[in-house]
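Shown next: my_file17.txt, containing compact mmCIF, C-alpha atoms and all ligand atoms.
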```
# COMPACT_ATOMS: atom_id res chain seq x y z
CA MET P 1 252.71 96.85 70.24
CA GLU P 2 252.08 93.18 69.44
CA ILE P 3 255.46 91.58 69.99
CA ASP P 4 254.59 88.33 68.21
CA ASN P 5 254.49 90.12 64.85
CA LEU P 6 257.91 91.68 65.26
CA ASN P 7 261.27 90.82 63.78
CA ILE P 8 262.69 88.59 66.52
CA PRO P 9 266.47 88.25 66.89
CA ASN P 10 268.00 84.80 66.60
CA HIS P 11 270.88 85.35 69.03
CA ILE P 12 270.75 87.78 71.96
CA ALA P 13 273.78 88.46 74.14
CA ILE P 14 273.63 90.16 77.51
CA ILE P 15 276.49 91.79 79.38
CA VAL P 16 275.31 91.15 82.92
CA ASP P 17 276.07 94.29 84.92
CA GLY P 18 274.84 96.13 88.00
CA ASN P 19 274.39 93.24 90.44
CA GLY P 20 276.57 94.98 93.02
CA ARG P 21 274.83 98.35 92.71
CA TRP P 22 271.42 96.66 92.82
CA ALA P 23 272.38 95.12 96.16
CA LYS P 24 273.94 98.31 97.54
CA LYS P 25 270.77 100.27 96.78
CA ARG P 26 268.91 97.80 99.01
CA GLY P 27 271.50 97.70 101.77
CA LEU P 28 272.43 94.12 100.84
CA SER P 29 275.83 92.51 100.28
CA ARG P 30 277.25 92.24 96.75
CA SER P 31 276.76 88.49 97.02
CA MET P 32 273.02 88.98 97.34
CA GLY P 33 273.14 90.99 94.14
CA HIS P 34 274.88 88.11 92.36
CA LYS P 35 272.32 85.67 93.71
CA ALA P 36 269.46 87.87 92.43
CA GLY P 37 271.24 88.18 89.08
CA SER P 38 271.69 84.45 88.72
CA ASP P 39 268.01 83.81 89.52
CA ASN P 40 267.12 86.37 86.87
CA ILE P 41 269.05 84.43 84.24
CA GLU P 42 266.52 81.61 84.63
CA VAL P 43 263.59 84.01 84.36
CA LEU P 44 264.97 85.61 81.21
CA ALA P 45 265.92 82.32 79.59
CA LYS P 46 262.41 80.96 79.89
CA HIS P 47 260.93 84.15 78.48
CA VAL P 48 263.39 84.42 75.61
CA PHE P 49 262.97 80.86 74.42
CA ASP P 50 259.17 81.15 74.70
CA ARG P 51 259.48 84.11 72.33
CA GLY P 52 261.27 81.99 69.74
CA ILE P 53 264.80 83.32 70.22
CA LYS P 54 267.23 80.46 69.74
CA ILE P 55 270.45 81.49 71.50
CA LEU P 56 271.16 83.52 74.58
CA SER P 57 274.74 84.38 75.52
CA PHE P 58 275.43 85.72 79.01
CA PHE P 59 278.67 87.39 80.03
CA VAL P 60 278.79 86.17 83.62
CA PHE P 61 282.51 86.29 84.41
CA SER P 62 285.32 87.94 82.49
CA THR P 63 288.97 86.96 82.64
CA GLU P 64 289.43 90.38 84.30
CA ASN P 65 286.88 89.58 87.06
CA PHE P 66 289.59 87.55 88.81
CA LYS P 67 290.91 90.95 89.97
CA ARG P 68 287.97 91.18 92.40
CA SER P 69 288.30 90.20 96.07
CA LYS P 70 288.83 86.51 96.83
CA GLU P 71 285.58 86.54 98.78
CA GLU P 72 283.58 87.78 95.79
CA VAL P 73 285.27 85.45 93.31
CA ASP P 74 284.69 82.48 95.63
CA TYR P 75 281.04 83.41 96.05
CA LEU P 76 280.55 83.64 92.29
CA MET P 77 282.33 80.35 91.62
CA ASN P 78 280.21 78.57 94.24
CA LEU P 79 277.09 80.08 92.72
CA PHE P 80 278.09 78.74 89.29
CA ILE P 81 278.72 75.31 90.77
CA THR P 82 275.32 75.25 92.50
CA LYS P 83 273.45 76.43 89.41
CA PHE P 84 275.20 74.06 87.00
CA ASN P 85 274.81 71.09 89.31
CA SER P 86 271.07 71.73 89.70
CA ASN P 87 268.62 70.30 87.20
CA THR P 88 266.83 73.61 86.48
CA PHE P 89 268.02 74.14 82.91
CA ASN P 90 267.78 70.50 81.98
CA LYS P 91 264.18 70.35 83.19
CA LYS P 92 263.35 73.20 80.82
CA ASN P 93 264.95 71.34 77.90
CA ILE P 94 267.66 74.05 77.60
CA LYS P 95 271.05 73.18 76.16
CA ILE P 96 273.99 74.72 78.05
CA ILE P 97 277.30 75.53 76.42
CA PHE P 98 280.31 77.58 77.55
CA SER P 99 282.77 80.04 76.13
CA GLY P 100 285.99 80.86 77.93
CA ARG P 101 289.36 79.61 79.10
CA ARG P 102 289.48 76.62 81.43
CA GLU P 103 292.60 77.83 83.24
CA PRO P 104 292.70 78.90 86.06
CA LEU P 105 289.21 77.66 86.98
CA ASP P 106 289.04 75.20 89.89
CA LYS P 107 288.36 71.54 89.32
CA ASP P 108 284.92 71.81 90.97
CA VAL P 109 283.86 74.52 88.55
CA LEU P 110 285.21 72.60 85.56
CA ASN P 111 283.42 69.45 86.69
CA ALA P 112 280.13 71.34 87.00
CA ILE P 113 280.68 72.86 83.54
CA ASP P 114 281.48 69.49 81.97
CA SER P 115 278.62 67.75 83.67
CA ILE P 116 275.88 70.21 82.62
CA THR P 117 277.30 70.38 79.09
CA GLU P 118 277.07 66.62 78.79
CA LYS P 119 273.68 66.33 80.49
CA THR P 120 271.98 68.96 78.31
CA LYS P 121 273.72 68.32 74.99
CA ASN P 122 270.63 66.87 73.27
CA ASN P 123 268.15 69.42 74.62
CA THR P 124 266.21 71.34 71.99
CA GLY P 125 264.42 74.15 73.85
CA GLY P 126 267.06 76.84 73.25
CA ILE P 127 270.77 77.33 73.88
CA ILE P 128 272.40 79.29 76.68
CA ASN P 129 276.03 80.12 76.07
CA PHE P 130 277.64 81.04 79.39
CA CYS P 131 280.71 83.21 78.85
CA LEU P 132 282.70 82.37 81.96
CA ASN P 133 286.33 83.29 82.40
CA TYR P 134 285.80 84.76 78.97
CA GLY P 135 287.76 87.48 77.18
CA GLY P 136 287.37 88.53 73.56
CA HIS P 137 291.11 88.99 73.01
CA SER P 138 291.85 85.63 74.66
CA GLU P 139 289.31 83.95 72.38
CA ILE P 140 291.01 85.32 69.27
CA ILE P 141 294.47 84.37 70.56
CA ASP P 142 293.31 80.86 71.53
CA ALA P 143 291.71 80.37 68.10
CA THR P 144 294.87 81.55 66.37
CA LYS P 145 297.00 79.14 68.43
CA LYS P 146 294.74 76.22 67.45
CA ILE P 147 295.03 77.25 63.81
CA ALA P 148 298.84 77.40 64.12
CA GLU P 149 298.79 73.95 65.69
CA ASP P 150 296.68 72.55 62.84
CA TYR P 151 298.99 74.25 60.35
CA LYS P 152 302.02 72.57 61.91
CA ASN P 153 300.24 69.22 61.62
CA GLY P 154 299.25 69.86 58.01
CA LYS P 155 295.55 69.93 58.89
CA ILE P 156 294.79 73.38 57.51
CA ASP P 157 295.60 75.15 54.28
CA ILE P 158 296.34 78.74 55.28
CA ASP P 159 295.68 80.06 51.76
CA ASN P 160 292.09 78.94 52.13
CA LEU P 161 291.59 80.33 55.63
CA ASN P 162 288.43 82.45 55.61
CA GLU P 163 285.93 83.79 58.12
CA GLU P 164 283.82 80.66 58.13
CA ILE P 165 286.81 78.43 58.88
CA TYR P 166 288.29 80.86 61.42
CA GLN P 167 285.00 80.89 63.31
CA LYS P 168 285.16 77.14 63.80
CA TYR P 169 288.26 77.67 65.94
CA LEU P 170 286.49 80.03 68.37
CA TYR P 171 285.23 78.66 71.69
CA GLN P 172 281.85 78.00 70.07
CA ASP P 173 280.81 78.09 66.43
CA LEU P 174 277.65 80.18 66.89
CA PRO P 175 275.53 82.35 64.60
CA PRO P 176 276.31 86.07 64.90
CA ILE P 177 274.82 88.09 67.75
CA ASP P 178 271.83 90.08 66.50
CA LEU P 179 271.16 92.08 69.64
CA LEU P 180 273.61 92.99 72.41
CA ILE P 181 272.15 94.26 75.67
CA ARG P 182 274.18 95.82 78.46
CA THR P 183 272.47 96.68 81.71
CA SER P 184 273.34 99.23 84.45
CA GLY P 185 274.07 102.29 82.34
CA GLU P 186 277.60 101.41 81.23
CA TYR P 187 278.39 102.02 77.56
CA ARG P 188 281.23 99.60 76.90
CA ILE P 189 281.82 96.23 75.30
CA SER P 190 284.42 95.26 77.92
CA ASN P 191 286.25 92.72 75.75
CA PHE P 192 283.07 90.74 75.05
CA MET P 193 282.56 88.67 71.88
CA LEU P 194 284.64 90.92 69.65
CA TRP P 195 284.30 88.61 66.65
CA GLN P 196 280.60 87.82 67.10
CA LEU P 197 279.48 91.44 67.63
CA SER P 198 280.67 92.72 64.24
CA TYR P 199 277.16 93.62 63.00
CA SER P 200 275.08 93.47 66.17
CA GLU P 201 272.58 96.08 67.21
CA PHE P 202 273.48 97.55 70.62
CA TYR P 203 270.97 98.28 73.36
CA PHE P 204 272.03 100.00 76.57
CA THR P 205 269.74 100.40 79.55
CA PRO P 206 270.27 102.03 82.97
CA ILE P 207 268.38 99.18 84.68
CA TYR P 208 270.49 96.93 86.94
CA PHE P 209 270.56 93.33 85.77
CA PRO P 210 268.46 91.79 88.60
CA ASP P 211 265.65 94.22 87.64
CA PHE P 212 265.92 93.54 83.90
CA LYS P 213 262.97 91.18 83.52
CA GLU P 214 260.48 90.01 80.89
CA LYS P 215 258.95 93.46 80.28
CA GLU P 216 262.38 95.10 79.94
CA LEU P 217 263.55 92.41 77.56
CA ASP P 218 260.45 92.86 75.41
CA GLU P 219 261.22 96.58 75.21
CA ALA P 220 264.70 95.74 73.92
CA ILE P 221 263.23 93.37 71.30
CA ILE P 222 260.74 96.02 70.20
CA GLU P 223 263.58 98.52 69.82
CA PHE P 224 265.60 95.93 67.87
CA SER P 225 262.70 95.31 65.50
CA LYS P 226 262.67 99.01 64.57
CA ARG P 227 266.34 99.06 63.56
CA ASN P 228 267.18 98.90 59.87
CA ARG P 229 270.07 96.47 59.59
CA ARG P 230 272.06 97.00 56.44
CA PHE P 231 275.25 94.99 57.01
CA GLY P 232 277.23 97.56 55.07
CA GLY P 233 274.68 97.69 52.24
CA ILE P 234 272.24 100.46 51.38
CA LYS P 235 268.93 101.34 52.97
CA ASN P 236 265.90 99.22 52.26
CA GLU P 237 264.31 100.59 49.04
CA THR P 238 260.83 100.81 50.52
CA GLU P 239 262.04 103.24 53.17
CA SER P 240 262.33 106.95 52.79
CA ASN P 241 265.49 108.66 54.01
C1 LIG Q 1 277.84 91.96 87.12
O1 LIG Q 1 277.54 92.82 88.17
C2 LIG Q 1 278.15 90.57 87.56
C3 LIG Q 1 279.50 90.08 87.25
C4 LIG Q 1 280.42 90.71 86.58
C5 LIG Q 1 279.85 88.76 87.75
P1 LIG Q 1 278.70 93.64 88.87
O2 LIG Q 1 279.29 92.82 89.95
O3 LIG Q 1 279.67 94.14 87.85
O4 LIG Q 1 277.87 94.83 89.51
P2 LIG Q 1 278.35 96.34 89.73
O5 LIG Q 1 278.90 96.84 88.42
O6 LIG Q 1 279.39 96.32 90.80
O7 LIG Q 1 277.11 97.06 90.13
MG MG Q 2 280.02 95.94 86.90
```
As structure tokens, what does this structure read like?
Amino acid sequence: MEIDNLNIPNHIAIIVDGNGRWAKKRGLSRSMGHKAGSDNIEVLAKHVFDRGIKILSFFVFSTENFKRSKEEVDYLMNLFITKFNSNTFNKKNIKIIFSGRREPLDKDVLNAIDSITEKTKNNTGGIINFCLNYGGHSEIIDATKKIAEDYKNGKIDIDNLNEEIYQKYLYQDLPPIDLLIRTSGEYRISNFMLWQLSYSEFYFTPIYFPDFKEKELDEAIIEFSKRNRRFGGIKNETESN
């Protein structure tokens, strides 16, 4: 199938999963799985933006991931610092943004986050939204607190609060997710982007994230292009039942 003629999503989100199992299968440490996964993010980003997709959200660390061993959390945090302090994304003209709570991230991580955000803010080759220390419930609570704060200060008229305004209080004001991909054979949302996923198409694959490459992503896009998105409306008239 010629992918260039297909209906391409605008915003793809990926729940990164299976790094640990990918490593175990090869007799490697979990850390090596995370390293392979983080290298794959660069591969996928290049491919996705070449295909004309505008936004790529990656769930790389949930608020719940702090329950993992200190060794694993430390490895992941150091990996984030290394990746964000490198010039890889900037060189590819990619803009990097973040979704998540700042607390209790270490200063070094926050500095790396702030520095890459600033450095890439005018880049135009596609947006990567890293969901790091992210939780969907936390995002809704944090947005609601900011709204309450603005209400106290007379900055918002609650009678006029609507979806468009509410969305501006989320971590990022992004277009909706068109296609959600979860790797590694798990069929859950795991508290990811609860607001933004309201009308997304879901794609689940048994492939572990480090093995989910260009070809696998194209297969997901091809599957997406076959879906008939109705947003609560009725079926396209030209289609038979
Ligand atoms: C996903 O891979 C990476 C992160 C959550 C940071 P996992 O670490 O969840 O890999 P499995 O599920 O143990 O295979
Ligand atoms: Mg997992």
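Between CA of Lys215 in chain P and CA of Val48 in chain P the separation is 11.1 Å.
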Q: Please identify all polymer residues within 9 Å of Ile3 in chain P, counting all atoms listed in the file, omitting same-chain residues fewer than 2 positions from it, and present them as an MDAnalysis selection string.
A: chainID P and resid 1 5:8 51 218 221:222
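Among the candidates P:Ser31, P:Asn133, P:Ser138, P:Asn65, the one nearest to Asn78 in chain P when counting all atoms listed in the file is P:Ser31.
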**Q.** Pick from P:Asp50, P:Asp39, P:Asp4, P:Asp17, whichever lies nearest to ligand LIG 1 (chain Q) using only C-alpha atoms and all ligand atoms
**A.** P:Asp17
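Where the distance criterion is 9 Å and the atoms used are all atoms listed in the file, the residues close to ligand MG 2 (chain Q) are Val16, Asp17, Gly18, Asn19, Gly20, Arg21, Ser184 and Glu186 of chain P.
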Q) Which one of P:Gly232, P:Gly135, P:Pro210, P:Gly185 sits closest to Glu42 in chain P if you count only C-alpha atoms? A) P:Pro210
Q: Give me the residues within 12 Å of Ile81 in chain P as a ChimeraX atom specification, counting all atoms listed in the file and dropping any in the same chain fewer than 2 places off.
A: /P:38,74-79,83-87,105-116,132
Q) If we count all atoms listed in the file, what is near range 164-181 of chain P at a cut-off of 8 Å, once residues fewer than 2 positions away on the same chain are taken out, given as a ChimeraX atom specification? A) /P:9-15,98-100,139-140,142-144,146-147,161-162,183,196-205,220,224
**Q.** Distance query 12 Å from (261.7, 81.9, 79.1) using only C-alpha atoms, result as JSON, numbers by chain
**A.** {"P": [40, 41, 42, 43, 44, 45, 46, 47, 48, 49, 50, 51, 52, 53, 54, 55, 56, 89, 92, 93, 94, 125, 126, 127, 128, 213, 214, 215, 217, 218]}
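Among the candidates P:Gly233, P:Gly37, P:Gly27, P:Pro104, the residue lying nearest to ligand LIG 1 (chain Q) is P:Gly37 (atoms considered: all atoms listed in the file).
Minimum distance to Phe58 in chain P across P:Arg102, P:Arg182, P:Lys145, P:Lys235 (counting only C-alpha atoms) occurs at P:Arg182.
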Taking all atoms of ligand LIG 1 (chain Q) that appear in the file, build a box with edges along x, y and z, extend it by 4 Å on every side, and state its centre and edge lengths in Å to one decimal, as AutoDock Vina command-line options.
```
--center_x 278.8 --center_y 92.9 --center_z 88.7 --size_x 11.3 --size_y 16.3 --size_z 12.2
```
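One finds CA of Lys226 in chain P at 27.9 Å from CA of Cys131 in chain P.
Using all atoms listed in the file, the shortest contact distance between ligand LIG 1 (chain Q) and any of P:Glu103, P:Glu149, P:Tyr134, P:Ile97 is found at P:Tyr134.
Picture a line from atom O1 of ligand LIG 1 (chain Q) to CA of Leu28 in chain P; it runs 13.7 Å.
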